[in-house]
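Dropping upload14.cif in here (mmCIF, C-alpha atoms):
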```
data_query
loop_
_atom_site.label_atom_id
_atom_site.label_comp_id
_atom_site.auth_asym_id
_atom_site.auth_seq_id
_atom_site.Cartn_x
_atom_site.Cartn_y
_atom_site.Cartn_z
CA MET A 1 32.64 10.60 82.11
CA LYS A 2 31.88 14.27 82.72
CA LYS A 3 35.14 14.65 84.68
CA ILE A 4 37.13 13.03 81.86
CA LYS A 5 35.58 15.39 79.29
CA THR A 6 36.38 18.40 81.48
CA ILE A 7 40.02 17.33 81.85
CA ALA A 8 40.27 16.78 78.08
CA PHE A 9 38.81 20.22 77.41
CA LEU A 10 41.21 21.94 79.80
CA ALA A 11 44.15 20.08 78.28
CA ALA A 12 43.13 21.17 74.78
CA LEU A 13 42.72 24.74 75.98
CA ALA A 14 46.17 24.67 77.58
CA CYS A 15 47.72 23.42 74.34
CA SER A 16 46.00 26.18 72.39
CA VAL A 17 47.27 28.90 74.72
CA THR A 18 50.76 27.45 74.79
CA ALA A 19 50.85 27.34 70.99
CA VAL A 20 50.46 31.11 70.88
CA THR A 21 52.27 32.41 73.93
CA ALA A 22 55.24 30.21 74.76
CA GLN A 23 58.02 31.32 72.43
CA THR A 24 56.27 30.02 69.33
CA LYS A 25 58.11 30.60 66.06
CA LEU A 26 56.23 31.65 62.95
CA ASP A 27 57.82 31.38 59.52
CA VAL A 28 56.28 34.27 57.54
CA TRP A 29 56.86 35.06 53.86
CA GLY A 30 56.16 38.26 51.96
CA TYR A 31 57.36 40.46 49.14
CA ASN A 32 57.54 44.03 50.41
CA VAL A 33 58.42 46.28 53.32
CA GLU A 34 54.77 47.10 54.03
CA PHE A 35 54.22 43.62 55.42
CA LYS A 36 57.40 43.84 57.48
CA ASN A 37 56.16 47.10 58.97
CA ALA A 38 52.82 45.49 59.81
CA ILE A 39 54.67 42.93 61.89
CA TYR A 40 57.36 45.07 63.53
CA GLU A 41 55.87 48.59 63.74
CA LYS A 42 56.32 49.95 67.28
CA GLY A 43 53.15 50.54 69.23
CA TYR A 44 50.58 48.65 67.19
CA GLY A 45 52.47 46.13 65.01
CA TYR A 46 52.01 42.40 65.56
CA LYS A 47 55.24 41.96 67.54
CA ALA A 48 54.45 44.88 69.82
CA THR A 49 51.39 43.04 71.07
CA HIS A 50 52.75 39.47 70.76
CA PRO A 51 56.26 39.68 72.25
CA ASN A 52 56.40 35.96 73.06
CA VAL A 53 55.98 34.91 69.44
CA LYS A 54 59.18 34.68 67.41
CA VAL A 55 58.65 35.82 63.81
CA ASP A 56 61.04 34.95 61.02
CA TYR A 57 59.92 37.23 58.17
CA LYS A 58 61.47 36.37 54.81
CA MET A 59 61.07 38.93 52.04
CA TRP A 60 61.89 38.57 48.35
CA GLY A 61 61.11 40.43 45.16
CA ILE A 62 57.71 39.40 43.84
CA ASP A 63 59.02 37.16 41.02
CA TYR A 64 61.41 35.24 43.28
CA TYR A 65 58.66 35.04 45.88
CA LYS A 66 56.23 33.35 43.50
CA TRP A 67 58.96 30.90 42.49
CA TYR A 68 59.75 29.99 46.11
CA LEU A 69 56.05 29.52 46.86
CA ASP A 70 55.88 27.01 44.02
CA LYS A 71 59.07 25.32 45.26
CA PRO A 72 59.00 25.74 49.07
CA SER A 73 61.41 22.80 49.52
CA LEU A 74 64.20 25.18 48.45
CA ILE A 75 63.67 27.13 51.67
CA ARG A 76 61.81 24.83 54.08
CA LYS A 77 63.24 21.38 54.79
CA ASP A 78 59.81 19.80 55.16
CA GLY A 79 58.80 21.07 51.71
CA THR A 80 55.63 22.78 52.97
CA LEU A 81 54.44 26.33 52.48
CA PRO A 82 55.37 28.80 55.27
CA ASP A 83 53.17 29.08 58.34
CA VAL A 84 51.82 32.48 57.24
CA MET A 85 52.12 34.12 53.83
CA PHE A 86 51.08 37.37 52.16
CA LEU A 87 49.53 36.57 48.79
CA GLU A 88 48.32 38.37 45.70
CA GLU A 89 45.06 37.20 44.13
CA PRO A 90 46.51 34.67 41.60
CA GLU A 91 48.58 32.86 44.22
CA LEU A 92 45.76 32.96 46.75
CA ARG A 93 43.38 31.30 44.33
CA LYS A 94 46.01 28.84 43.14
CA TYR A 95 46.82 27.51 46.60
CA ALA A 96 43.25 27.67 47.90
CA GLU A 97 41.91 25.66 44.96
CA ALA A 98 44.78 23.18 45.34
CA GLY A 99 43.79 22.52 48.96
CA LEU A 100 47.05 23.84 50.43
CA LEU A 101 45.67 26.58 52.69
CA LEU A 102 44.15 26.47 56.15
CA GLU A 103 40.41 27.16 56.42
CA LEU A 104 39.67 30.43 58.22
CA ASP A 105 35.89 30.22 58.45
CA ASP A 106 36.01 30.77 62.21
CA LEU A 107 38.02 34.00 61.84
CA TYR A 108 35.62 35.34 59.23
CA ALA A 109 32.59 34.46 61.36
CA LYS A 110 33.87 36.82 64.07
CA VAL A 111 34.05 39.84 61.74
CA LYS A 112 31.61 39.12 58.89
CA ASP A 113 29.36 42.04 59.85
CA LYS A 114 32.21 44.54 59.94
CA THR A 115 34.46 43.66 57.04
CA GLU A 116 34.28 44.43 53.33
CA ASN A 117 32.62 41.67 51.39
CA TYR A 118 34.54 41.49 48.11
CA PRO A 119 37.99 40.52 49.52
CA VAL A 120 36.33 37.67 51.43
CA LYS A 121 34.61 36.47 48.26
CA VAL A 122 37.95 36.46 46.45
CA ALA A 123 39.33 34.25 49.23
CA THR A 124 36.38 31.84 49.27
CA HIS A 125 36.47 28.45 47.54
CA ASN A 126 33.81 25.74 47.79
CA GLY A 127 32.16 27.61 50.63
CA HIS A 128 35.27 28.02 52.79
CA VAL A 129 37.34 31.16 53.47
CA TYR A 130 41.09 30.61 53.01
CA ALA A 131 42.55 34.08 53.60
CA MET A 132 41.78 37.48 55.07
CA SER A 133 42.70 40.88 53.71
CA TYR A 134 43.43 44.13 55.52
CA LYS A 135 43.02 46.57 52.62
CA VAL A 136 40.78 47.21 49.62
CA TYR A 137 41.79 48.28 46.12
CA SER A 138 38.54 49.33 44.49
CA GLY A 139 38.86 51.27 41.24
CA ALA A 140 37.93 54.79 40.18
CA ILE A 141 38.28 57.24 37.31
CA PHE A 142 40.72 60.12 37.82
CA TYR A 143 40.06 62.97 35.39
CA ARG A 144 41.60 66.36 34.57
CA ARG A 145 39.54 69.20 36.02
CA SER A 146 40.74 71.77 33.48
CA LEU A 147 39.80 69.55 30.53
CA ALA A 148 36.39 68.77 32.02
CA LYS A 149 35.71 72.50 32.42
CA LYS A 150 36.96 73.25 28.92
CA TYR A 151 34.85 70.68 27.12
CA TRP A 152 31.88 70.12 29.45
CA GLY A 153 31.71 73.37 31.41
CA THR A 154 32.10 71.71 34.81
CA ASP A 155 34.60 69.71 36.85
CA ASP A 156 32.04 68.70 39.51
CA PRO A 157 32.50 64.94 40.16
CA ALA A 158 28.73 64.40 40.34
CA GLU A 159 28.28 65.96 36.90
CA VAL A 160 31.31 64.25 35.35
CA GLN A 161 30.07 60.90 36.69
CA LYS A 162 27.02 61.33 34.46
CA LYS A 163 29.39 61.32 31.48
CA PHE A 164 30.80 57.98 32.64
CA LYS A 165 27.74 56.48 34.34
CA ASP A 166 27.84 53.17 32.43
CA LEU A 167 29.92 51.50 29.74
CA ASP A 168 27.68 52.54 26.84
CA THR A 169 27.68 56.14 28.03
CA PHE A 170 31.47 56.05 28.35
CA LEU A 171 31.83 55.22 24.66
CA ALA A 172 29.39 57.97 23.71
CA THR A 173 31.36 60.41 25.87
CA ALA A 174 34.63 59.37 24.22
CA ARG A 175 33.12 60.19 20.83
CA GLU A 176 31.72 63.48 22.10
CA LEU A 177 35.09 64.46 23.52
CA LYS A 178 36.85 63.75 20.23
CA GLU A 179 34.35 65.95 18.41
CA LYS A 180 34.49 68.84 20.88
CA SER A 181 38.29 68.81 21.06
CA ASP A 182 38.78 68.28 17.32
CA GLY A 183 40.65 65.10 18.18
CA LYS A 184 43.12 66.81 20.52
CA CYS A 185 41.84 65.18 23.73
CA LYS A 186 41.15 61.48 24.32
CA ALA A 187 38.89 60.03 26.97
CA VAL A 188 41.59 57.46 27.83
CA ALA A 189 45.15 56.96 26.63
CA THR A 190 44.62 53.30 25.74
CA THR A 191 41.86 50.72 25.68
CA ASP A 192 43.97 48.74 28.18
CA ASP A 193 42.60 51.06 30.86
CA LEU A 194 39.07 49.74 30.30
CA PHE A 195 39.87 46.08 30.96
CA TYR A 196 39.07 45.92 34.69
CA ALA A 197 35.95 48.05 34.24
CA TYR A 198 34.55 45.48 31.82
CA LYS A 199 35.82 42.56 33.88
CA GLY A 200 34.02 44.04 36.88
CA ALA A 201 30.78 44.11 34.86
CA ARG A 202 30.79 40.34 34.25
CA LYS A 203 28.03 38.06 35.50
CA GLN A 204 29.96 34.82 34.93
CA PRO A 205 33.56 33.75 35.62
CA TRP A 206 35.86 32.57 32.84
CA VAL A 207 35.34 28.90 33.72
CA VAL A 208 31.89 27.44 34.37
CA ASP A 209 31.56 23.69 35.07
CA TYR A 210 35.11 23.15 33.78
CA SER A 211 34.28 24.83 30.46
CA LEU A 212 35.62 28.13 29.13
CA THR A 213 32.93 30.82 29.06
CA ILE A 214 33.15 34.27 27.45
CA ASP A 215 30.85 36.58 29.37
CA PRO A 216 28.99 39.13 27.20
CA ALA A 217 30.82 41.95 29.03
CA MET A 218 34.18 40.62 27.84
CA GLU A 219 32.99 40.24 24.25
CA LYS A 220 31.66 43.79 24.43
CA TYR A 221 35.09 44.92 25.65
CA MET A 222 36.58 43.42 22.50
CA ASP A 223 34.06 45.25 20.31
CA VAL A 224 34.57 48.58 22.07
CA CYS A 225 38.36 48.33 21.81
CA LYS A 226 37.99 47.86 18.05
CA ILE A 227 35.68 50.84 17.78
CA MET A 228 37.97 53.09 19.81
CA GLU A 229 41.04 52.13 17.78
CA ASP A 230 39.24 52.52 14.45
CA GLU A 231 37.73 55.88 15.38
CA GLY A 232 40.91 57.32 16.91
CA LEU A 233 39.45 57.61 20.40
CA VAL A 234 42.76 56.66 22.09
CA LEU A 235 46.38 57.72 21.68
CA SER A 236 48.00 56.00 18.72
CA GLY A 237 50.37 53.22 19.79
CA ALA A 238 49.88 53.72 23.53
CA ASN A 239 49.80 50.79 25.93
CA GLN A 240 49.31 50.76 29.67
CA TRP A 241 52.63 51.55 31.42
CA SER A 242 54.20 52.81 28.16
CA GLN A 243 55.85 56.22 27.95
CA GLU A 244 52.89 57.50 25.93
CA TRP A 245 50.54 56.39 28.70
CA PHE A 246 52.54 58.27 31.33
CA ASP A 247 52.98 61.30 29.07
CA GLY A 248 49.21 61.56 28.77
CA MET A 249 49.02 62.34 32.48
CA GLN A 250 51.06 65.48 31.99
CA LYS A 251 50.44 66.90 28.52
CA GLY A 252 46.69 67.55 28.64
CA LYS A 253 45.86 65.12 25.84
CA VAL A 254 44.03 62.56 28.01
CA MET A 255 40.93 63.20 30.10
CA CYS A 256 41.01 60.27 32.52
CA TYR A 257 42.73 57.18 33.92
CA PHE A 258 41.16 54.08 35.49
CA LEU A 259 43.14 53.45 38.68
CA PRO A 260 42.87 51.91 42.16
CA GLU A 261 44.37 53.63 45.22
CA TRP A 262 47.88 52.29 44.55
CA GLY A 263 47.68 53.54 40.95
CA PHE A 264 46.60 56.96 42.14
CA THR A 265 49.56 57.12 44.54
CA TYR A 266 52.35 55.43 42.62
CA ALA A 267 51.42 56.08 38.97
CA LEU A 268 49.48 59.32 38.74
CA LYS A 269 50.78 61.39 41.66
CA ALA A 270 54.35 60.14 41.33
CA ASN A 271 54.53 60.70 37.57
CA ALA A 272 52.67 63.99 37.16
CA PRO A 273 53.44 66.20 40.17
CA GLY A 274 53.21 69.30 37.98
CA THR A 275 49.50 68.69 37.47
CA ALA A 276 48.66 68.66 41.20
CA GLY A 277 45.26 70.20 41.89
CA ASP A 278 44.03 69.62 38.35
CA TRP A 279 42.54 66.19 39.00
CA ALA A 280 39.34 64.80 40.50
CA MET A 281 37.82 61.36 40.90
CA CYS A 282 34.49 59.62 40.39
CA GLN A 283 33.18 56.04 40.35
CA GLY A 284 33.08 55.56 36.60
CA PRO A 285 31.00 53.06 34.59
CA SER A 286 31.28 49.97 36.82
CA ALA A 287 32.55 48.65 40.15
CA TRP A 288 35.87 46.80 40.00
CA PHE A 289 39.12 46.15 41.84
CA TRP A 290 42.73 45.80 40.78
CA GLY A 291 45.32 44.18 43.01
CA GLY A 292 45.32 43.54 46.72
CA THR A 293 46.94 41.45 49.43
CA TRP A 294 45.57 38.51 51.38
CA ILE A 295 47.06 36.75 54.40
CA ALA A 296 46.83 32.96 54.53
CA ALA A 297 48.27 30.03 56.47
CA SER A 298 49.57 26.68 55.31
CA LYS A 299 47.19 23.79 55.86
CA LYS A 300 50.17 21.83 57.21
CA THR A 301 51.44 24.44 59.66
CA LYS A 302 52.45 22.94 63.00
CA VAL A 303 51.54 26.16 64.82
CA GLN A 304 47.99 26.53 63.62
CA ALA A 305 46.69 28.56 66.57
CA ALA A 306 49.53 31.08 66.33
CA ALA A 307 49.19 31.36 62.56
CA LYS A 308 45.47 32.04 62.88
CA GLU A 309 46.00 34.61 65.59
CA MET A 310 48.52 36.50 63.45
CA ILE A 311 46.07 36.62 60.55
CA GLN A 312 43.25 37.63 62.87
CA TYR A 313 45.35 40.45 64.30
CA LEU A 314 46.66 41.82 60.99
CA ALA A 315 43.35 41.56 59.15
CA THR A 316 40.77 42.35 61.83
CA ASP A 317 42.22 44.09 64.91
CA GLU A 318 40.79 47.59 64.88
CA LYS A 319 43.59 49.25 66.81
CA PHE A 320 46.16 47.81 64.43
CA LEU A 321 44.15 48.69 61.33
CA GLU A 322 43.57 52.26 62.48
CA GLY A 323 47.27 52.86 63.11
CA PHE A 324 48.34 51.13 59.92
CA SER A 325 45.79 53.00 57.82
CA LYS A 326 46.89 56.38 59.17
CA ASP A 327 50.61 55.68 58.74
CA ASN A 328 50.39 54.12 55.28
CA SER A 329 47.35 55.87 53.78
CA VAL A 330 45.65 52.62 52.81
CA VAL A 331 41.93 51.93 52.80
CA VAL A 332 41.36 49.06 55.22
CA THR A 333 38.74 46.33 55.08
CA ASN A 334 37.28 46.90 58.55
CA ILE A 335 34.12 49.00 58.21
CA ASN A 336 34.28 50.33 61.78
CA VAL A 337 37.77 51.70 61.14
CA GLN A 338 36.66 53.05 57.76
CA ASN A 339 33.81 54.94 59.39
CA LYS A 340 36.14 56.32 62.05
CA LEU A 341 38.73 57.58 59.56
CA LYS A 342 37.04 58.21 56.24
CA ASN A 343 36.00 61.81 56.85
CA ASN A 344 39.53 62.88 57.82
CA PHE A 345 41.24 62.49 54.44
CA SER A 346 41.61 64.98 51.62
CA ASP A 347 44.26 65.50 48.98
CA PRO A 348 45.22 68.76 47.25
CA PHE A 349 46.32 66.72 44.21
CA ILE A 350 42.62 66.07 43.50
CA GLY A 351 41.41 69.49 44.56
CA GLY A 352 40.85 68.52 48.19
CA GLN A 353 38.59 65.58 47.41
CA ASN A 354 38.38 62.81 49.99
CA TRP A 355 39.81 59.82 48.11
CA TYR A 356 39.58 57.56 51.20
CA LYS A 357 35.83 57.98 51.53
CA GLU A 358 35.33 57.52 47.79
CA PHE A 359 37.26 54.25 47.70
CA CYS A 360 35.32 52.99 50.74
CA ASP A 361 32.05 53.70 48.94
CA TYR A 362 33.19 52.08 45.69
CA ALA A 363 34.44 48.92 47.43
CA LYS A 364 30.96 48.09 48.66
CA LYS A 365 29.75 47.67 45.08
CA VAL A 366 32.53 45.30 43.96
CA ASP A 367 31.79 41.62 43.31
CA GLY A 368 34.71 39.36 44.24
CA SER A 369 32.86 36.07 43.77
CA LEU A 370 34.06 35.41 40.20
CA SER A 371 37.76 35.10 41.06
CA GLN A 372 39.45 31.88 39.93
CA ALA A 373 43.00 30.50 39.92
CA SER A 374 43.07 30.48 36.11
CA ASP A 375 42.08 34.16 35.77
CA ASN A 376 45.55 35.59 35.34
CA GLN A 377 46.48 33.38 32.38
CA ILE A 378 43.07 33.64 30.75
CA ASP A 379 43.06 37.42 31.17
CA ASP A 380 46.41 37.62 29.38
CA PHE A 381 45.21 35.42 26.51
CA TRP A 382 42.07 37.56 26.17
CA LYS A 383 44.01 40.82 26.16
CA LYS A 384 46.25 39.42 23.43
CA ALA A 385 43.21 38.41 21.37
CA VAL A 386 41.59 41.80 21.84
CA LYS A 387 44.76 43.57 20.69
CA ALA A 388 45.01 41.36 17.60
CA TYR A 389 41.44 42.23 16.61
CA ALA A 390 41.41 45.90 17.63
CA ASN A 391 44.66 46.66 15.82
CA GLY A 392 43.49 44.97 12.62
CA GLY A 393 45.81 41.98 12.68
CA GLU A 394 43.03 39.39 12.87
CA THR A 395 39.29 39.13 12.35
CA LYS A 396 37.13 38.81 15.44
CA SER A 397 36.50 35.11 14.81
CA GLN A 398 40.22 34.48 14.27
CA ALA A 399 41.15 36.28 17.49
CA ILE A 400 38.53 34.41 19.54
CA GLY A 401 39.55 31.11 17.95
CA GLU A 402 43.19 31.68 18.87
CA PHE A 403 42.13 32.66 22.40
CA LYS A 404 40.18 29.43 22.85
CA TYR A 405 43.06 27.39 21.44
CA ASN A 406 45.58 28.99 23.83
CA VAL A 407 43.36 28.41 26.86
CA GLN A 408 42.65 24.80 25.93
CA LYS A 409 46.28 24.03 25.17
CA THR A 410 47.59 25.69 28.34
CA LEU A 411 44.84 25.08 30.89
CA GLY A 412 42.70 22.35 29.44
CA PHE A 413 39.41 24.28 29.44
#
```

Let me see whether you can do it: turn the structure in this file into structure tokens.
Amino acid sequence: MKKIKTIAFLAALACSVTAVTAQTKLDVWGYNVEFKNAIYEKGYGYKATHPNVKVDYKMWGIDYYKWYLDKPSLIRKDGTLPDVMFLEEPELRKYAEAGLLLELDDLYAKVKDKTENYPVKVATHNGHVYAMSYKVYSGAIFYRRSLAKKYWGTDDPAEVQKKFKDLDTFLATARELKEKSDGKCKAVATTDDLFYAYKGARKQPWVVDYSLTIDPAMEKYMDVCKIMEDEGLVLSGANQWSQEWFDGMQKGKVMCYFLPEWGFTYALKANAPGTAGDWAMCQGPSAWFWGGTWIAASKKTKVQAAAKEMIQYLATDEKFLEGFSKDNSVVVTNINVQNKLKNNFSDPFIGGQNWYKEFCDYAKKVDGSLSQASDNQIDDFWKKAVKAYANGGETKSQAIGEFKYNVQKTLGF
């Protein structure tokens, strides 16, 4: 009996090795060049260290990508999801909760003491981990140094943080700024910027025991938006991503913007190069994240071992993560790599501040455990309700009633 068990074990081991090394083909889907580079980058990319694995990387624009994920039979003859896929939070939660993704508990167990917690929580459903992430997108406040000096006498991040230390203090600071500037400078361009800060302050998810729940933090967000609109504490008519919102970065009428690392790079720095050196960053009133990428595998993949190894490599291999972080200026999830790199970054755009270290510190305070598949739709319904109330189109009870109706009609909660 012992001999039979040994033979069975060796046979299983041989199959596992063969699955990864003998010209295996992985069908991988994504939606940008960053993922392609992670696979094919010379020196440390996945293919450089796994030459025997054939990778067919298919890339589409994000909207087409989401459509193909929902209708994989258009691309794959067997109608299943691809072996490996790069996913944003809504799709990750959608497919994890639908039971379509491969459990990765064993991969997480190997790195649980050296990886950021919140991305794992986002990828966890019913006690199982269904994806791994290689980067964090914690949020921060970016503020104008010259305006801080003008109205508060200092641009020191530690001192400015006191002005934004919690959500109640933020509102008081917005009022103070209006008074000191005679209405010429706003704390934020639009109340839209506050959404993720309040969402990050929640204690409950949107859906509890299959029932819609409005956490007190979200109701407070609605109240604060009304106050800020009524009191003229934001730019009139501005919305996030509008021209007025971008103009505020350049014209000295807005003190700060709530942004993750990608927003700092692609919104603030790209749009307001003429203000370089006149910005700084601090934590702000709460810990939150906005965006991100997770790597998952189909539950029905026929090359499970190879799919897992690709995810393990891209999300946990320290040599890969170090090279990728340096080349792409992204904050990675691996804490060992963070500690190795975090003191080597500074940016003249924010007066030489070390944005990498700051984002590492902020990520450790983020709670990812409230993420749900229905978040994206419910968030949108709530934002619509908040706008209707804050802009005077509806009473608070009318706006909340419409919100509940939309959620029940669309999602059944």

request  = Rank nothing, just name the residue among A:Trp245, A:Tyr118, A:Phe164, A:Tyr198 nearest to Cys225 (chain A), using only C-alpha atoms.
outcome  =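 Residue with the minimum atom-to-atom distance to Cys225 (chain A): A:Tyr198.
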
Nearest to Trp294 (chain A) by atom-to-atom distance, counting only C-alpha atoms, from A:Gly139, A:Gly61, A:Pro119, A:Gly99 = A:Pro119

query = Once the PyMOL selection byres ((chain A and resi 193) around 9) has been applied to the shown file, what residues remain in the selection, as a list in words?
reply =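 This file gives the following for the PyMOL selection byres ((chain A and resi 193) around 9): Val188, Ala189, Thr190, Thr191, Asp192, Leu194, Phe195, Tyr196, Ala197, Asn239, Gln240, Tyr257, Phe258 and Leu259 of chain A.
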
Among listed residues A:Asp78, A:Glu159, A:Lys326, A:Lys396, nearest Lys220 (chain A) (using all atoms listed in the file) = A:Lys396

task = Apply the PyMOL selection byres ((chain A and resi 374) around 10) to the file shown and report the selected residues as a PyMOL selection string.
result = chain A and resi 90+93-94+206-207+371-373+375-379+407+411+413

Since we have the selection now, will you write its residues out, keeping C-alpha atoms, as a compact mmCIF listing (two decimals), in the coordinates of the input?
```
# COMPACT_ATOMS: atom_id res chain seq x y z
CA PRO A 90 46.51 34.67 41.60
CA ARG A 93 43.38 31.30 44.33
CA LYS A 94 46.01 28.84 43.14
CA TRP A 206 35.86 32.57 32.84
CA VAL A 207 35.34 28.90 33.72
CA SER A 371 37.76 35.10 41.06
CA GLN A 372 39.45 31.88 39.93
CA ALA A 373 43.00 30.50 39.92
CA ASP A 375 42.08 34.16 35.77
CA ASN A 376 45.55 35.59 35.34
CA GLN A 377 46.48 33.38 32.38
CA ILE A 378 43.07 33.64 30.75
CA ASP A 379 43.06 37.42 31.17
CA VAL A 407 43.36 28.41 26.86
CA LEU A 411 44.84 25.08 30.89
CA PHE A 413 39.41 24.28 29.44
```

If we count all atoms listed in the file, what is near Thr124 (chain A) at a cut-off of 9 Å, once residues fewer than 3 positions away on the same chain are taken out, given as a compact mmCIF listing (two decimals) with C-alpha atoms, in the coordinates of the input?
```txt
# COMPACT_ATOMS: atom_id res chain seq x y z
CA ARG A 93 43.38 31.30 44.33
CA ALA A 96 43.25 27.67 47.90
CA PRO A 119 37.99 40.52 49.52
CA VAL A 120 36.33 37.67 51.43
CA LYS A 121 34.61 36.47 48.26
CA GLY A 127 32.16 27.61 50.63
CA HIS A 128 35.27 28.02 52.79
CA VAL A 129 37.34 31.16 53.47
CA TYR A 130 41.09 30.61 53.01
CA ALA A 131 42.55 34.08 53.60
CA SER A 369 32.86 36.07 43.77
CA SER A 371 37.76 35.10 41.06
```

Could you build a table of the residues in region 231-324 of chain A lying no more than 12 Å from region 345-366 of chain A, giving for each the nearest pair of atoms and their separation in Å rounded to one decimal place, using only C-alpha atoms, ordered by chain and ascending residue number, as a Markdown table?
```
| residue | atom | partner | partner_atom | distance |
| --- | --- | --- | --- | --- |
| A:Leu259 | CA | A:Phe359 | CA | 10.8 |
| A:Pro260 | CA | A:Phe359 | CA | 8.2 |
| A:Glu261 | CA | A:Phe359 | CA | 7.6 |
| A:Trp262 | CA | A:Phe359 | CA | 11.2 |
| A:Phe264 | CA | A:Trp355 | CA | 9.5 |
| A:Thr265 | CA | A:Phe349 | CA | 10.1 |
| A:Leu268 | CA | A:Phe349 | CA | 9.7 |
| A:Lys269 | CA | A:Phe349 | CA | 7.4 |
| A:Ala270 | CA | A:Phe349 | CA | 10.8 |
| A:Ala272 | CA | A:Phe349 | CA | 9.9 |
| A:Pro273 | CA | A:Phe349 | CA | 8.2 |
| A:Gly274 | CA | A:Phe349 | CA | 9.6 |
| A:Thr275 | CA | A:Phe349 | CA | 7.7 |
| A:Ala276 | CA | A:Phe349 | CA | 4.3 |
| A:Gly277 | CA | A:Phe349 | CA | 4.3 |
| A:Asp278 | CA | A:Ile350 | CA | 6.4 |
| A:Trp279 | CA | A:Ile350 | CA | 4.5 |
| A:Ala280 | CA | A:Ile350 | CA | 4.6 |
| A:Met281 | CA | A:Ile350 | CA | 7.2 |
| A:Cys282 | CA | A:Glu358 | CA | 7.7 |
| A:Gln283 | CA | A:Tyr362 | CA | 6.6 |
| A:Gly284 | CA | A:Tyr362 | CA | 9.7 |
| A:Pro285 | CA | A:Tyr362 | CA | 11.4 |
| A:Ser286 | CA | A:Val366 | CA | 8.6 |
| A:Ala287 | CA | A:Val366 | CA | 5.1 |
| A:Trp288 | CA | A:Val366 | CA | 5.4 |
| A:Phe289 | CA | A:Val366 | CA | 7.0 |
| A:Trp290 | CA | A:Val366 | CA | 10.7 |
```

Do you know which residues are at most 7 Å from region 25-39 of chain A counting all atoms listed in the file, after dropping those on the same chain fewer than 5 positions away, and could you put them as a compact mmCIF listing (two decimals) with C-alpha atoms, in the coordinates of the input?
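around.txt, written as the output of this step:
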```txt
# COMPACT_ATOMS: atom_id res chain seq x y z
CA GLY A 45 52.47 46.13 65.01
CA TYR A 46 52.01 42.40 65.56
CA LYS A 47 55.24 41.96 67.54
CA VAL A 53 55.98 34.91 69.44
CA LYS A 54 59.18 34.68 67.41
CA VAL A 55 58.65 35.82 63.81
CA ASP A 56 61.04 34.95 61.02
CA TYR A 57 59.92 37.23 58.17
CA LYS A 58 61.47 36.37 54.81
CA MET A 59 61.07 38.93 52.04
CA TRP A 60 61.89 38.57 48.35
CA GLY A 61 61.11 40.43 45.16
CA ILE A 62 57.71 39.40 43.84
CA TYR A 65 58.66 35.04 45.88
CA PRO A 82 55.37 28.80 55.27
CA ASP A 83 53.17 29.08 58.34
CA VAL A 84 51.82 32.48 57.24
CA MET A 85 52.12 34.12 53.83
CA PHE A 86 51.08 37.37 52.16
```

Result set, the PyMOL selection byres ((chain A and resi 161) around 12) on current file, as a ChimeraX atom specification = /A:140-143,148,152,154-160,162-167,169-170,173,256,280-286

task = Can you work out which one of A:Lys184, A:Lys340, A:Lys300, A:His50 has the shortest atom-to-atom distance to Gln23 (chain A), counting only C-alpha atoms?
result = A:His50

task = Mind giving me the straight-line distance from CA of Phe320 (chain A) to CA of Tyr44 (chain A) in Å, one decimal?
result =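 About the pair CA of Phe320 (chain A) and CA of Tyr44 (chain A): they are 5.3 Å apart.
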
note = Asn391 (chain A) proximity check over A:Lys226, A:Lys203, A:Lys178, A:Arg144, using all atoms listed in the file: winner is A:Lys226

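Residue nearest Asp327 (chain A) within the list A:Ala98, A:Lys42, A:Val111, A:Val303: A:Lys42 [criterion: smallest interatomic distance, all atoms listed in the file].
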
request  = Within 12 Å of (34.1, 44.5, 19.6) (coordinates as in the file), grab all the protein and nucleic acid residues, counting only C-alpha atoms, and write them out as a PyMOL selection string.
outcome  = chain A and resi 191+216-230+385-392+395-397+399-400

request  = Can you work out the spacing between CA of Leu107 (chain A) and CA of Lys71 (chain A) in Å, to one decimal?
outcome  = 28.2 Å

request  = Write out as an NGL selection string the residues lying within 12 Å of Glu309 (chain A), counting all atoms listed in the file and excluding same-chain residues fewer than 3 positions away.
outcome  = :A and (16-17 or 19-21 or 24 or 26 or 46-47 or 49-50 or 53 or 83-84 or 104 or 106-107 or 132 or 295-297 or 303-306 or 312-317)

query = How far is it from CA of Phe381 (chain A) to CA of Leu233 (chain A), in Å with one decimal?
reply =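 Straight-line distance from CA of Phe381 (chain A) to CA of Leu233 (chain A) works out to 23.7 Å.
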